[in-house]
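Text of work_26.pdb, listed as PDB, C-alpha atoms and all ligand atoms:
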ATOM      1  CA  MET A   1       0.000   0.000   0.000
ATOM      2  CA  GLN A   2       1.333   3.413  -0.934
ATOM      3  CA  GLU A   3       1.539   6.009   1.781
ATOM      4  CA  ALA A   4       0.431   9.431   0.633
ATOM      5  CA  LEU A   5       0.926  12.828   2.104
ATOM      6  CA  ARG A   6      -2.111  15.025   2.526
ATOM      7  CA  PHE A   7      -3.034  18.265   4.104
ATOM      8  CA  GLN A   8      -5.392  17.670   6.975
ATOM      9  CA  PRO A   9      -6.452  19.541  10.056
ATOM     10  CA  VAL A  10      -4.389  18.552  13.075
ATOM     11  CA  ASP A  11      -4.466  19.819  16.632
ATOM     12  CA  ALA A  12      -2.374  22.831  17.472
ATOM     13  CA  GLU A  13       0.919  22.107  19.212
ATOM     14  CA  PRO A  14       2.949  24.602  21.190
ATOM     15  CA  VAL A  15       5.970  25.887  19.280
ATOM     16  CA  ASP A  16       9.062  26.020  21.469
ATOM     17  CA  HIS A  17      11.560  27.525  19.084
ATOM     18  CA  ALA A  18      10.826  30.807  17.428
ATOM     19  CA  ASP A  19      13.124  29.959  14.512
ATOM     20  CA  ILE A  20      11.092  26.923  13.447
ATOM     21  CA  VAL A  21       8.713  27.754  10.643
ATOM     22  CA  VAL A  22       5.412  26.058  11.335
ATOM     23  CA  LYS A  23       2.790  25.748   8.633
ATOM     24  CA  PRO A  24      -0.679  27.002   9.526
ATOM     25  CA  ARG A  25      -2.221  24.096  11.351
ATOM     26  CA  HIS A  26      -4.946  23.514   8.778
ATOM     27  CA  LEU A  27      -2.197  22.897   6.213
ATOM     28  CA  ARG A  28      -0.012  20.587   8.286
ATOM     29  CA  ARG A  29       0.944  17.424   6.471
ATOM     30  CA  VAL A  30      -0.035  14.105   7.934
ATOM     31  CA  THR A  31       0.338  10.708   6.351
ATOM     32  CA  GLU A  32      -2.682   8.750   5.364
ATOM     33  CA  SER A  33      -3.022   5.709   3.159
ATOM     34  CA  VAL A  34      -5.054   6.183  -0.014
ATOM     35  CA  ALA A  35      -6.435   3.975  -2.721
ATOM     36  CA  ARG A  36      -3.443   2.902  -4.768
ATOM     37  CA  GLY A  37      -3.052   3.464  -8.491
ATOM     38  CA  LEU A  38      -4.908   1.079 -10.760
ATOM     39  CA  ALA A  39      -2.973  -1.474 -12.783
ATOM     40  CA  LEU A  40      -4.052  -1.903 -16.387
ATOM     41  CA  THR A  41      -3.689  -4.568 -18.993
ATOM     42  CA  ILE A  42      -4.108  -3.873 -22.691
ATOM     43  CA  ARG A  43      -4.483  -6.775 -25.103
ATOM     44  CA  GLY A  44      -4.546  -6.736 -28.893
ATOM     45  CA  LEU A  45      -5.705  -3.118 -28.939
ATOM     46  CA  ARG A  46      -6.513  -1.728 -32.376
ATOM     47  CA  LYS A  47      -7.997   1.562 -33.455
ATOM     48  CA  ALA A  48      -8.871   2.607 -36.979
ATOM     49  CA  PHE A  49     -10.469   5.817 -38.227
ATOM     50  CA  GLY A  50     -11.972   4.719 -41.536
ATOM     51  CA  ASP A  51      -9.108   3.265 -43.580
ATOM     52  CA  ASN A  52      -6.496   4.778 -41.310
ATOM     53  CA  GLU A  53      -5.439   2.027 -38.913
ATOM     54  CA  VAL A  54      -3.632   4.020 -36.224
ATOM     55  CA  LEU A  55      -3.057   1.410 -33.515
ATOM     56  CA  ARG A  56      -2.309  -2.062 -34.846
ATOM     57  CA  GLY A  57      -2.048  -4.343 -31.866
ATOM     58  CA  ILE A  58      -0.919  -2.844 -28.569
ATOM     59  CA  ASP A  59      -0.135  -5.313 -25.778
ATOM     60  CA  LEU A  60       0.874  -3.750 -22.502
ATOM     61  CA  HIS A  61       0.699  -4.273 -18.762
ATOM     62  CA  ILE A  62       1.180  -1.257 -16.500
ATOM     63  CA  PRO A  63       1.563  -2.169 -12.811
ATOM     64  CA  SER A  64      -0.156  -0.161 -10.080
ATOM     65  CA  GLY A  65       1.514   3.194  -9.459
ATOM     66  CA  GLN A  66       4.030   2.975 -12.297
ATOM     67  CA  PHE A  67       5.051   6.169 -14.137
ATOM     68  CA  VAL A  68       5.060   5.405 -17.856
ATOM     69  CA  ALA A  69       6.065   7.836 -20.593
ATOM     70  CA  ILE A  70       4.958   7.386 -24.193
ATOM     71  CA  VAL A  71       6.956   8.882 -27.041
ATOM     72  CA  GLY A  72       6.713   8.590 -30.811
ATOM     73  CA  ARG A  73       6.572  10.875 -33.784
ATOM     74  CA  SER A  74       3.638  13.161 -34.423
ATOM     75  CA  GLY A  75       0.547  11.313 -35.625
ATOM     76  CA  CYS A  76       1.679   7.870 -34.437
ATOM     77  CA  GLY A  77      -1.371   7.458 -32.186
ATOM     78  CA  LYS A  78      -0.216   8.585 -28.726
ATOM     79  CA  SER A  79      -3.248  10.759 -28.014
ATOM     80  CA  THR A  80      -5.516   8.074 -29.451
ATOM     81  CA  LEU A  81      -4.051   5.554 -27.005
ATOM     82  CA  LEU A  82      -4.635   7.925 -24.058
ATOM     83  CA  ARG A  83      -8.191   8.609 -25.169
ATOM     84  CA  LEU A  84      -8.857   4.872 -25.368
ATOM     85  CA  ILE A  85      -7.418   4.326 -21.873
ATOM     86  CA  ALA A  86      -9.562   7.174 -20.519
ATOM     87  CA  GLY A  87     -12.665   5.721 -22.161
ATOM     88  CA  LEU A  88     -13.129   8.790 -24.398
ATOM     89  CA  GLU A  89     -12.849   6.603 -27.499
ATOM     90  CA  ALA A  90     -13.911   3.006 -28.170
ATOM     91  CA  PRO A  91     -11.411   0.408 -29.485
ATOM     92  CA  THR A  92     -11.882  -1.146 -32.927
ATOM     93  CA  ALA A  93     -10.607  -4.424 -31.450
ATOM     94  CA  GLY A  94      -8.908  -5.670 -28.298
ATOM     95  CA  SER A  95      -9.385  -4.781 -24.663
ATOM     96  CA  ILE A  96      -8.274  -2.488 -21.858
ATOM     97  CA  ALA A  97      -8.853  -3.888 -18.389
ATOM     98  CA  PHE A  98      -8.166  -2.374 -14.968
ATOM     99  CA  ASP A  99      -7.446  -4.551 -11.954
ATOM    100  CA  GLU A 100     -10.490  -3.004 -10.255
ATOM    101  CA  GLU A 101     -13.543  -1.384 -11.785
ATOM    102  CA  PRO A 102     -12.781   2.380 -11.846
ATOM    103  CA  ARG A 103     -15.186   4.943 -10.354
ATOM    104  CA  ALA A 104     -16.279   7.745 -12.697
ATOM    105  CA  GLN A 105     -13.463  10.093 -11.588
ATOM    106  CA  ASP A 106     -10.731   7.459 -11.196
ATOM    107  CA  VAL A 107      -9.206   7.861 -14.656
ATOM    108  CA  ARG A 108      -8.432  11.453 -15.592
ATOM    109  CA  VAL A 109      -6.644  13.157 -18.483
ATOM    110  CA  MET A 110      -4.781  16.442 -18.408
ATOM    111  CA  PHE A 111      -4.283  18.136 -21.781
ATOM    112  CA  GLN A 112      -1.819  20.663 -23.159
ATOM    113  CA  GLU A 113      -4.373  23.462 -23.059
ATOM    114  CA  PRO A 114      -5.530  24.035 -19.482
ATOM    115  CA  ARG A 115      -9.169  24.316 -20.645
ATOM    116  CA  LEU A 116     -10.219  26.527 -17.722
ATOM    117  CA  LEU A 117     -13.648  28.149 -17.600
ATOM    118  CA  PRO A 118     -12.908  31.878 -18.043
ATOM    119  CA  TRP A 119     -16.049  32.980 -16.212
ATOM    120  CA  ALA A 120     -15.309  30.906 -13.101
ATOM    121  CA  ARG A 121     -12.780  31.743 -10.401
ATOM    122  CA  VAL A 122      -9.816  29.452  -9.798
ATOM    123  CA  LEU A 123     -11.418  27.552  -6.913
ATOM    124  CA  SER A 124     -14.596  26.868  -8.917
ATOM    125  CA  ASN A 125     -12.473  25.675 -11.829
ATOM    126  CA  VAL A 126     -10.894  23.111  -9.522
ATOM    127  CA  GLU A 127     -14.275  22.015  -8.108
ATOM    128  CA  VAL A 128     -15.354  21.147 -11.662
ATOM    129  CA  GLY A 129     -12.985  18.176 -11.408
ATOM    130  CA  LEU A 130     -15.190  16.608  -8.753
ATOM    131  CA  GLY A 131     -17.923  15.872 -11.304
ATOM    132  CA  ARG A 132     -21.066  14.791  -9.512
ATOM    133  CA  GLU A 133     -19.305  14.893  -6.129
ATOM    134  CA  ARG A 134     -19.204  18.658  -6.548
ATOM    135  CA  ALA A 135     -22.468  18.837  -4.620
ATOM    136  CA  SER A 136     -20.902  17.172  -1.552
ATOM    137  CA  ALA A 137     -20.393  19.140   1.660
ATOM    138  CA  ASP A 138     -16.588  18.914   1.556
ATOM    139  CA  ALA A 139     -16.229  19.847  -2.141
ATOM    140  CA  GLN A 140     -14.787  23.284  -1.432
ATOM    141  CA  ALA A 141     -12.347  21.983   1.177
ATOM    142  CA  ARG A 142     -11.141  19.325  -1.234
ATOM    143  CA  ALA A 143     -10.644  21.899  -3.996
ATOM    144  CA  GLU A 144      -8.704  24.107  -1.573
ATOM    145  CA  ARG A 145      -6.451  21.186  -0.627
ATOM    146  CA  ALA A 146      -5.782  20.430  -4.294
ATOM    147  CA  LEU A 147      -4.835  24.078  -4.907
ATOM    148  CA  VAL A 148      -2.441  24.021  -1.949
ATOM    149  CA  GLU A 149      -0.962  20.791  -3.328
ATOM    150  CA  VAL A 150       0.019  22.592  -6.558
ATOM    151  CA  GLY A 151       1.240  25.680  -4.679
ATOM    152  CA  LEU A 152      -1.649  27.980  -5.622
ATOM    153  CA  GLY A 153      -3.548  28.241  -2.343
ATOM    154  CA  ASP A 154      -3.382  32.026  -2.538
ATOM    155  CA  LYS A 155      -4.943  32.189  -6.026
ATOM    156  CA  ARG A 156      -8.307  30.642  -5.167
ATOM    157  CA  ALA A 157     -10.313  33.844  -5.749
ATOM    158  CA  GLN A 158      -8.514  34.912  -8.948
ATOM    159  CA  TRP A 159      -9.887  34.761 -12.473
ATOM    160  CA  PRO A 160      -7.991  32.447 -14.861
ATOM    161  CA  SER A 161      -7.172  35.383 -17.173
ATOM    162  CA  VAL A 162      -4.746  36.929 -14.658
ATOM    163  CA  LEU A 163      -2.668  33.746 -14.284
ATOM    164  CA  SER A 164       0.522  32.897 -16.170
ATOM    165  CA  GLY A 165       0.617  29.884 -18.496
ATOM    166  CA  GLY A 166       2.361  27.767 -15.855
ATOM    167  CA  GLN A 167      -0.147  28.772 -13.183
ATOM    168  CA  LYS A 168      -3.059  27.876 -15.471
ATOM    169  CA  GLN A 169      -1.533  24.435 -15.986
ATOM    170  CA  ARG A 170      -1.203  24.059 -12.217
ATOM    171  CA  VAL A 171      -4.913  24.865 -11.845
ATOM    172  CA  ALA A 172      -5.634  22.214 -14.482
ATOM    173  CA  LEU A 173      -3.472  19.786 -12.480
ATOM    174  CA  ALA A 174      -5.373  20.637  -9.273
ATOM    175  CA  ARG A 175      -8.655  20.044 -11.127
ATOM    176  CA  ALA A 176      -7.374  16.606 -12.171
ATOM    177  CA  LEU A 177      -6.072  15.789  -8.672
ATOM    178  CA  VAL A 178      -9.150  16.910  -6.740
ATOM    179  CA  SER A 179     -11.028  13.674  -7.394
ATOM    180  CA  GLN A 180      -8.002  11.633  -6.235
ATOM    181  CA  PRO A 181      -7.696   9.756  -9.510
ATOM    182  CA  ARG A 182      -6.113   6.321  -9.574
ATOM    183  CA  VAL A 183      -4.876   6.740 -13.143
ATOM    184  CA  LEU A 184      -3.749  10.138 -14.397
ATOM    185  CA  ALA A 185      -2.907  10.475 -18.085
ATOM    186  CA  PHE A 186      -1.093  13.547 -19.365
ATOM    187  CA  ASP A 187      -1.229  14.487 -23.042
ATOM    188  CA  GLU A 188       1.846  16.681 -23.624
ATOM    189  CA  PRO A 189       0.787  18.833 -20.659
ATOM    190  CA  LEU A 190       3.922  20.963 -20.588
ATOM    191  CA  GLY A 191       4.426  21.412 -24.323
ATOM    192  CA  ALA A 192       3.358  25.069 -24.364
ATOM    193  CA  LEU A 193       5.467  26.206 -21.398
ATOM    194  CA  ASP A 194       8.840  27.942 -21.434
ATOM    195  CA  ALA A 195      11.899  25.892 -20.448
ATOM    196  CA  LEU A 196      12.192  26.968 -16.806
ATOM    197  CA  THR A 197       8.479  26.726 -16.055
ATOM    198  CA  ARG A 198       8.569  23.344 -17.698
ATOM    199  CA  ILE A 199      11.277  22.035 -15.381
ATOM    200  CA  SER A 200       9.472  23.237 -12.256
ATOM    201  CA  MET A 201       6.221  21.671 -13.554
ATOM    202  CA  GLN A 202       8.063  18.389 -14.151
ATOM    203  CA  GLN A 203       9.222  18.463 -10.537
ATOM    204  CA  LEU A 204       5.656  19.202  -9.408
ATOM    205  CA  LEU A 205       4.265  16.294 -11.442
ATOM    206  CA  GLU A 206       6.859  13.956  -9.944
ATOM    207  CA  ARG A 207       6.085  15.145  -6.419
ATOM    208  CA  VAL A 208       2.304  14.755  -6.669
ATOM    209  CA  TRP A 209       2.748  11.357  -8.271
ATOM    210  CA  ARG A 210       4.999  10.256  -5.389
ATOM    211  CA  ASP A 211       2.640  11.766  -2.798
ATOM    212  CA  GLN A 212      -0.552  10.335  -4.213
ATOM    213  CA  GLY A 213       0.429   6.998  -5.700
ATOM    214  CA  PHE A 214      -1.672   7.134  -8.890
ATOM    215  CA  THR A 215      -0.583   5.336 -12.035
ATOM    216  CA  ALA A 216       0.847   8.004 -14.358
ATOM    217  CA  ILE A 217       0.850   7.861 -18.152
ATOM    218  CA  LEU A 218       2.657  10.787 -19.749
ATOM    219  CA  VAL A 219       2.635  11.430 -23.481
ATOM    220  CA  THR A 220       5.471  13.771 -24.389
ATOM    221  CA  HIS A 221       7.507  14.714 -27.443
ATOM    222  CA  ASP A 222      10.394  15.608 -25.125
ATOM    223  CA  VAL A 223      12.561  12.515 -24.642
ATOM    224  CA  ALA A 224      14.638  14.253 -21.931
ATOM    225  CA  GLU A 225      11.401  14.815 -19.986
ATOM    226  CA  ALA A 226      10.393  11.173 -20.490
ATOM    227  CA  VAL A 227      13.649   9.751 -19.108
ATOM    228  CA  ALA A 228      13.764  12.274 -16.242
ATOM    229  CA  LEU A 229      10.278  11.422 -14.981
ATOM    230  CA  ALA A 230       9.309   7.908 -15.975
ATOM    231  CA  ASP A 231      10.007   4.415 -14.646
ATOM    232  CA  ARG A 232       9.594   3.216 -18.182
ATOM    233  CA  VAL A 233       9.497   4.760 -21.658
ATOM    234  CA  LEU A 234       7.454   3.249 -24.477
ATOM    235  CA  VAL A 235       8.216   4.124 -28.091
ATOM    236  CA  ILE A 236       5.242   3.802 -30.429
ATOM    237  CA  GLU A 237       5.923   3.186 -34.089
ATOM    238  CA  ASP A 238       3.749   1.827 -36.893
ATOM    239  CA  GLY A 239       0.869   1.385 -34.491
ATOM    240  CA  ARG A 240       2.775  -0.852 -32.099
ATOM    241  CA  ILE A 241       5.121  -0.597 -29.140
ATOM    242  CA  ALA A 242       8.526  -0.663 -30.812
ATOM    243  CA  GLU A 243      10.580  -0.232 -27.632
ATOM    244  CA  ASP A 244       9.944  -0.615 -23.933
ATOM    245  CA  VAL A 245      12.833   0.935 -21.997
ATOM    246  CA  THR A 246      13.134   0.633 -18.207
ATOM    247  CA  ILE A 247      14.580   3.732 -16.504
ATOM    248  CA  ASP A 248      16.029   2.242 -13.378
ATOM    249  CA  LEU A 249      17.638   5.355 -11.885
ATOM    250  CA  PRO A 250      17.070   6.652  -8.341
ATOM    251  CA  ARG A 251      14.928   9.743  -7.722
ATOM    252  CA  PRO A 252      15.152  12.632  -7.607
ATOM    253  CA  ARG A 253      17.138  12.426 -10.829
ATOM    254  CA  ARG A 254      19.797  14.871 -11.704
ATOM    255  CA  ARG A 255      18.871  16.528 -14.980
ATOM    256  CA  GLY A 256      21.829  16.623 -17.339
ATOM    257  CA  SER A 257      23.477  13.544 -15.775
ATOM    258  CA  ALA A 258      25.447  11.195 -18.018
ATOM    259  CA  GLU A 259      23.086   8.259 -17.379
ATOM    260  CA  LEU A 260      19.989  10.244 -18.371
ATOM    261  CA  ALA A 261      21.755  11.628 -21.438
ATOM    262  CA  ALA A 262      22.768   8.122 -22.542
ATOM    263  CA  LEU A 263      19.204   6.798 -22.232
ATOM    264  CA  GLU A 264      17.844   9.844 -24.008
ATOM    265  CA  GLY A 265      20.342   9.365 -26.842
ATOM    266  CA  GLU A 266      19.398   5.713 -27.238
ATOM    267  CA  ILE A 267      15.682   6.486 -27.495
ATOM    268  CA  LEU A 268      16.212   9.460 -29.839
ATOM    269  CA  LYS A 269      18.343   7.302 -32.116
ATOM    270  CA  HIS A 270      15.529   4.804 -32.357
ATOM    271  CA  LEU A 271      12.977   7.542 -33.086
ATOM    272  CA  LEU A 272      15.153   9.095 -35.787
ATOM    273  CA  GLU A 273      15.920   5.761 -37.471
ATOM    274  CA  GLY A 274      12.233   4.877 -37.381
ATOM    275  CA  SER A 275      11.254   8.082 -39.145
ATOM    276  CA  GLU A 276      13.943   8.101 -41.853
ATOM    277  CA  ASP A 277      11.633   6.887 -44.595
ATOM    278  CA  THR A 278       9.039   9.533 -43.766
ATOM    279  CA  LEU A 279      11.335  12.574 -43.863
TER     280      LEU A 279
HETATM  281  N1  LIG B   1     -11.295  11.459 -34.275
HETATM  282  C1  LIG B   1     -10.479  11.182 -35.299
HETATM  283  N2  LIG B   1     -10.977  10.986 -36.536
HETATM  284  C2  LIG B   1     -10.169  10.683 -37.580
HETATM  285  N3  LIG B   1      -8.846  10.540 -37.485
HETATM  286  C3  LIG B   1      -8.288  10.716 -36.276
HETATM  287  C4  LIG B   1      -9.074  11.039 -35.123
HETATM  288  N4  LIG B   1      -8.238  11.153 -34.057
HETATM  289  C5  LIG B   1      -6.998  10.898 -34.519
HETATM  290  N5  LIG B   1      -7.024  10.637 -35.850
HETATM  291  C6  LIG B   1      -5.855  10.291 -36.683
HETATM  292  O1  LIG B   1      -5.138   9.294 -36.015
HETATM  293  C7  LIG B   1      -3.742   9.491 -36.185
HETATM  294  C8  LIG B   1      -3.075   9.549 -34.817
HETATM  295  O2  LIG B   1      -3.492  10.726 -34.158
HETATM  296  P1  LIG B   1      -3.029  11.055 -32.676
HETATM  297  O3  LIG B   1      -3.381   9.943 -31.792
HETATM  298  O4  LIG B   1      -3.592  12.390 -32.364
HETATM  299  O5  LIG B   1      -1.439  11.134 -32.847
HETATM  300  P2  LIG B   1      -0.323  11.730 -31.865
HETATM  301  O6  LIG B   1      -0.984  12.101 -30.594
HETATM  302  O7  LIG B   1       0.680  10.631 -31.715
HETATM  303  O8  LIG B   1       0.284  12.892 -32.584
HETATM  304  C9  LIG B   1      -3.572  10.734 -37.019
HETATM  305  O9  LIG B   1      -3.384  10.344 -38.349
HETATM  306  C10 LIG B   1      -4.885  11.449 -36.838
HETATM  307  O10 LIG B   1      -5.184  12.209 -37.976
HETATM  308 MG    MG B   2      -1.217  13.939 -29.641
END
Write out the structure in this file as structure tokens.
Ligand SMILES: Nc1ncnc2c1ncn2[C@@H]1O[C@H](COP(=O)(O)OP(=O)(O)O)[C@@H](O)[C@H]1O
Ligand SMILES: [Mg+2]
Amino acid sequence: MQEALRFQPVDAEPVDHADIVVKPRHLRRVTESVARGLALTIRGLRKAFGDNEVLRGIDLHIPSGQFVAIVGRSGCGKSTLLRLIAGLEAPTAGSIAFDEEPRAQDVRVMFQEPRLLPWARVLSNVEVGLGRERASADAQARAERALVEVGLGDKRAQWPSVLSGGQKQRVALARALVSQPRVLAFDEPLGALDALTRISMQQLLERVWRDQGFTAILVTHDVAEAVALADRVLVIEDGRIAEDVTIDLPRPRRRGSAELAALEGEILKHLLEGSEDTL
């Protein structure tokens, strides 16, 4: 069972040393076990749009809580695969099975565009992620916790239009996290951000994944990002998984390290060779 960190009310304790910074007590972290990430098994998965057979037999098992990155050239079917996993698209053939039947909000997708409602304040935008549970008594408290989790507790009353691109993506992440999903799929979520914002968002994604224990599936065109974040990188080519590379390096990983660069080079070489005939 994964242990997750959450913000929960705890009783006030006397502070003996004035130099110790104590978080407000309603934001103190306590450990609590949560539902673990769902495992999924994909067998013989095919998807065609008319004559265009995009996925031609995907077989894949993702264990509970694994962080998987998916790379492949543009148009190879990465988004289609995510949409199938999230149930937004139906397979032409084959199956996708979870180890437990997911609840409505258990499998979530975060896209490149934050897709915030411009007429709703930040907190309301996060509450949207609760779906039908939005009517529950603790909806607002849950949305507030999710905003704190992504470092935007102080932006709850703002309009989306005043936020930076990175902040909007963090609101979108909070909206995805608020329902405590057991599978979180990311479709190039950082593609539109500048380099520095991108690195801090990568660190945020890694932290929330470690805290919450969901199974993460990240589609990215950035191979450096894939090897920095994932336990495993899948290369999709010609509608199939052409490579399945395990990234067995300790975390947190040092960006720019020789090991990461070597893995990145190996995967890039494969991608470039695979696309030679299409250039
Ligand atoms: N709803 C759709 N209708 C028709 N064709 C689609 C649809 N969605 C995706 N495709 C086609 O499927 C292929 C793979 O698309 P996609 O999964 O978006 O690729 P990627 O995310 O890897 O760039 C493309 O050729 C695209 O045009
Ligand atoms: Mg795509």
Ground truth for the PyMOL selection byres (((not hetatm)) within 6 of (chain B and resi 1)), written as a list in words: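 This file gives the following for the PyMOL selection byres (((not hetatm)) within 6 of (chain B and resi 1)): Phe49, Val54, Ser74, Gly75, Cys76, Gly77, Lys78, Ser79 and Thr80 of chain A.
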Take the residues from that selection and put them in a file with C-alpha atoms, as a PDB file, keeping the file's coordinate frame.
ATOM      1  CA  PHE A  49     -10.469   5.817 -38.227  1.00  0.00           C
ATOM      2  CA  VAL A  54      -3.632   4.020 -36.224  1.00  0.00           C
ATOM      3  CA  SER A  74       3.638  13.161 -34.423  1.00  0.00           C
ATOM      4  CA  GLY A  75       0.547  11.313 -35.625  1.00  0.00           C
ATOM      5  CA  CYS A  76       1.679   7.870 -34.437  1.00  0.00           C
ATOM      6  CA  GLY A  77      -1.371   7.458 -32.186  1.00  0.00           C
ATOM      7  CA  LYS A  78      -0.216   8.585 -28.726  1.00  0.00           C
ATOM      8  CA  SER A  79      -3.248  10.759 -28.014  1.00  0.00           C
ATOM      9  CA  THR A  80      -5.516   8.074 -29.451  1.00  0.00           C
TER      10      THR A  80
END
Show me, as a PyMOL selection string, the residues that have an atom within 12 Å of A:Glu133 when counting all atoms listed in the file, minus same-chain residues fewer than 3 positions from it.
chain A and resi 103-105+127-130+136-140+142-143+178-180
Can you translate the PyMOL selection byres (((chain A and resi 185) around 9) and not hetatm) into the concrete residues it hits in this file, as a PyMOL selection string?
chain A and resi 82+85-86+107-111+183-184+186-187+215-219
Sorted by chain and rising residue number, list the residues of stretch 95-209 of chain A at most 12 Å from stretch 253-262 of chain A (counting all atoms listed in the file), each with its closest atom pair and distance in Å to one decimal, as a tab-separated table.
residue	atom	partner	partner_atom	distance
A:Ile199	CA	A:Arg255	CA	9.4
A:Ser200	CA	A:Arg255	CA	11.9
A:Gln202	CA	A:Arg255	CA	11.0
A:Gln203	CA	A:Arg253	CA	10.0
A:Glu206	CA	A:Arg253	CA	10.4
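If you look at atom CA of A:Leu147 and atom CA of A:Glu101, they are 27.8 Å away from each other.
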One decimal place gives the atom CA of A:Arg251-atom CA of A:Met201 separation as 15.9 Å
Write out as a PyMOL selection string the residues lying within 9 Å of stretch 157-162 of chain A, counting all atoms listed in the file and excluding same-chain residues fewer than 6 positions away.
-> chain A and resi 116-125+168+171
Taken to one decimal, the atom CA of A:Arg83-atom CA of A:Ala226 distance is 19.3 Å
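Residue nearest A:His61, chosen from A:Glu225, A:Asp244, A:Glu266, A:Glu188 and counting only C-alpha atoms: A:Asp244.
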Add whatever atoms are absent from stretch 40-46 of chain A to reach all heavy atoms, and provide the output as a PDB file, in the frame of the given file.
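Output contents, as saved in out-v5.pdb:
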ATOM      1  N   LEU A  40      -3.235  -1.625 -15.206  1.00  0.00           N
ATOM      2  CA  LEU A  40      -4.052  -1.903 -16.387  1.00  0.00           C
ATOM      3  C   LEU A  40      -3.354  -2.833 -17.362  1.00  0.00           C
ATOM      4  O   LEU A  40      -2.125  -2.879 -17.421  1.00  0.00           O
ATOM      5  CB  LEU A  40      -4.519  -0.624 -17.083  1.00  0.00           C
ATOM      6  CG  LEU A  40      -3.534   0.355 -17.656  1.00  0.00           C
ATOM      7  CD1 LEU A  40      -4.123   0.993 -18.892  1.00  0.00           C
ATOM      8  CD2 LEU A  40      -3.268   1.441 -16.645  1.00  0.00           C
ATOM      9  N   THR A  41      -4.192  -3.588 -18.048  1.00  0.00           N
ATOM     10  CA  THR A  41      -3.689  -4.568 -18.993  1.00  0.00           C
ATOM     11  C   THR A  41      -4.390  -4.358 -20.326  1.00  0.00           C
ATOM     12  O   THR A  41      -5.618  -4.356 -20.391  1.00  0.00           O
ATOM     13  CB  THR A  41      -3.964  -6.002 -18.487  1.00  0.00           C
ATOM     14  OG1 THR A  41      -3.376  -6.126 -17.189  1.00  0.00           O
ATOM     15  CG2 THR A  41      -3.363  -7.041 -19.415  1.00  0.00           C
ATOM     16  N   ILE A  42      -3.578  -4.138 -21.353  1.00  0.00           N
ATOM     17  CA  ILE A  42      -4.108  -3.873 -22.691  1.00  0.00           C
ATOM     18  C   ILE A  42      -3.739  -5.062 -23.571  1.00  0.00           C
ATOM     19  O   ILE A  42      -2.586  -5.487 -23.596  1.00  0.00           O
ATOM     20  CB  ILE A  42      -3.490  -2.568 -23.246  1.00  0.00           C
ATOM     21  CG1 ILE A  42      -3.888  -1.390 -22.347  1.00  0.00           C
ATOM     22  CG2 ILE A  42      -3.905  -2.326 -24.691  1.00  0.00           C
ATOM     23  CD1 ILE A  42      -3.304  -0.053 -22.771  1.00  0.00           C
ATOM     24  N   ARG A  43      -4.754  -5.604 -24.267  1.00  0.00           N
ATOM     25  CA  ARG A  43      -4.483  -6.775 -25.103  1.00  0.00           C
ATOM     26  C   ARG A  43      -5.012  -6.563 -26.515  1.00  0.00           C
ATOM     27  O   ARG A  43      -6.178  -6.219 -26.698  1.00  0.00           O
ATOM     28  CB  ARG A  43      -5.193  -8.011 -24.524  1.00  0.00           C
ATOM     29  CG  ARG A  43      -4.588  -8.490 -23.232  1.00  0.00           C
ATOM     30  CD  ARG A  43      -4.580 -10.027 -23.158  1.00  0.00           C
ATOM     31  NE  ARG A  43      -3.860 -10.429 -21.947  1.00  0.00           N
ATOM     32  CZ  ARG A  43      -4.442 -10.551 -20.762  1.00  0.00           C
ATOM     33  NH1 ARG A  43      -5.735 -10.354 -20.639  1.00  0.00           N
ATOM     34  NH2 ARG A  43      -3.727 -10.893 -19.704  1.00  0.00           N
ATOM     35  N   GLY A  44      -4.142  -6.760 -27.476  1.00  0.00           N
ATOM     36  CA  GLY A  44      -4.546  -6.736 -28.893  1.00  0.00           C
ATOM     37  C   GLY A  44      -5.308  -5.484 -29.294  1.00  0.00           C
ATOM     38  O   GLY A  44      -6.227  -5.555 -30.118  1.00  0.00           O
ATOM     39  N   LEU A  45      -4.922  -4.345 -28.726  1.00  0.00           N
ATOM     40  CA  LEU A  45      -5.705  -3.118 -28.939  1.00  0.00           C
ATOM     41  C   LEU A  45      -5.471  -2.554 -30.342  1.00  0.00           C
ATOM     42  O   LEU A  45      -4.337  -2.310 -30.758  1.00  0.00           O
ATOM     43  CB  LEU A  45      -5.322  -2.079 -27.888  1.00  0.00           C
ATOM     44  CG  LEU A  45      -6.118  -0.777 -27.932  1.00  0.00           C
ATOM     45  CD1 LEU A  45      -7.563  -1.000 -27.492  1.00  0.00           C
ATOM     46  CD2 LEU A  45      -5.462   0.274 -27.038  1.00  0.00           C
ATOM     47  N   ARG A  46      -6.568  -2.328 -31.044  1.00  0.00           N
ATOM     48  CA  ARG A  46      -6.513  -1.728 -32.376  1.00  0.00           C
ATOM     49  C   ARG A  46      -7.478  -0.566 -32.452  1.00  0.00           C
ATOM     50  O   ARG A  46      -8.549  -0.608 -31.835  1.00  0.00           O
ATOM     51  CB  ARG A  46      -6.921  -2.753 -33.448  1.00  0.00           C
ATOM     52  CG  ARG A  46      -5.903  -3.850 -33.612  1.00  0.00           C
ATOM     53  CD  ARG A  46      -6.391  -4.940 -34.563  1.00  0.00           C
ATOM     54  NE  ARG A  46      -5.316  -5.884 -34.762  1.00  0.00           N
ATOM     55  CZ  ARG A  46      -4.421  -5.803 -35.735  1.00  0.00           C
ATOM     56  NH1 ARG A  46      -4.496  -4.847 -36.650  1.00  0.00           N
ATOM     57  NH2 ARG A  46      -3.443  -6.676 -35.832  1.00  0.00           N
TER      58      ARG A  46
END
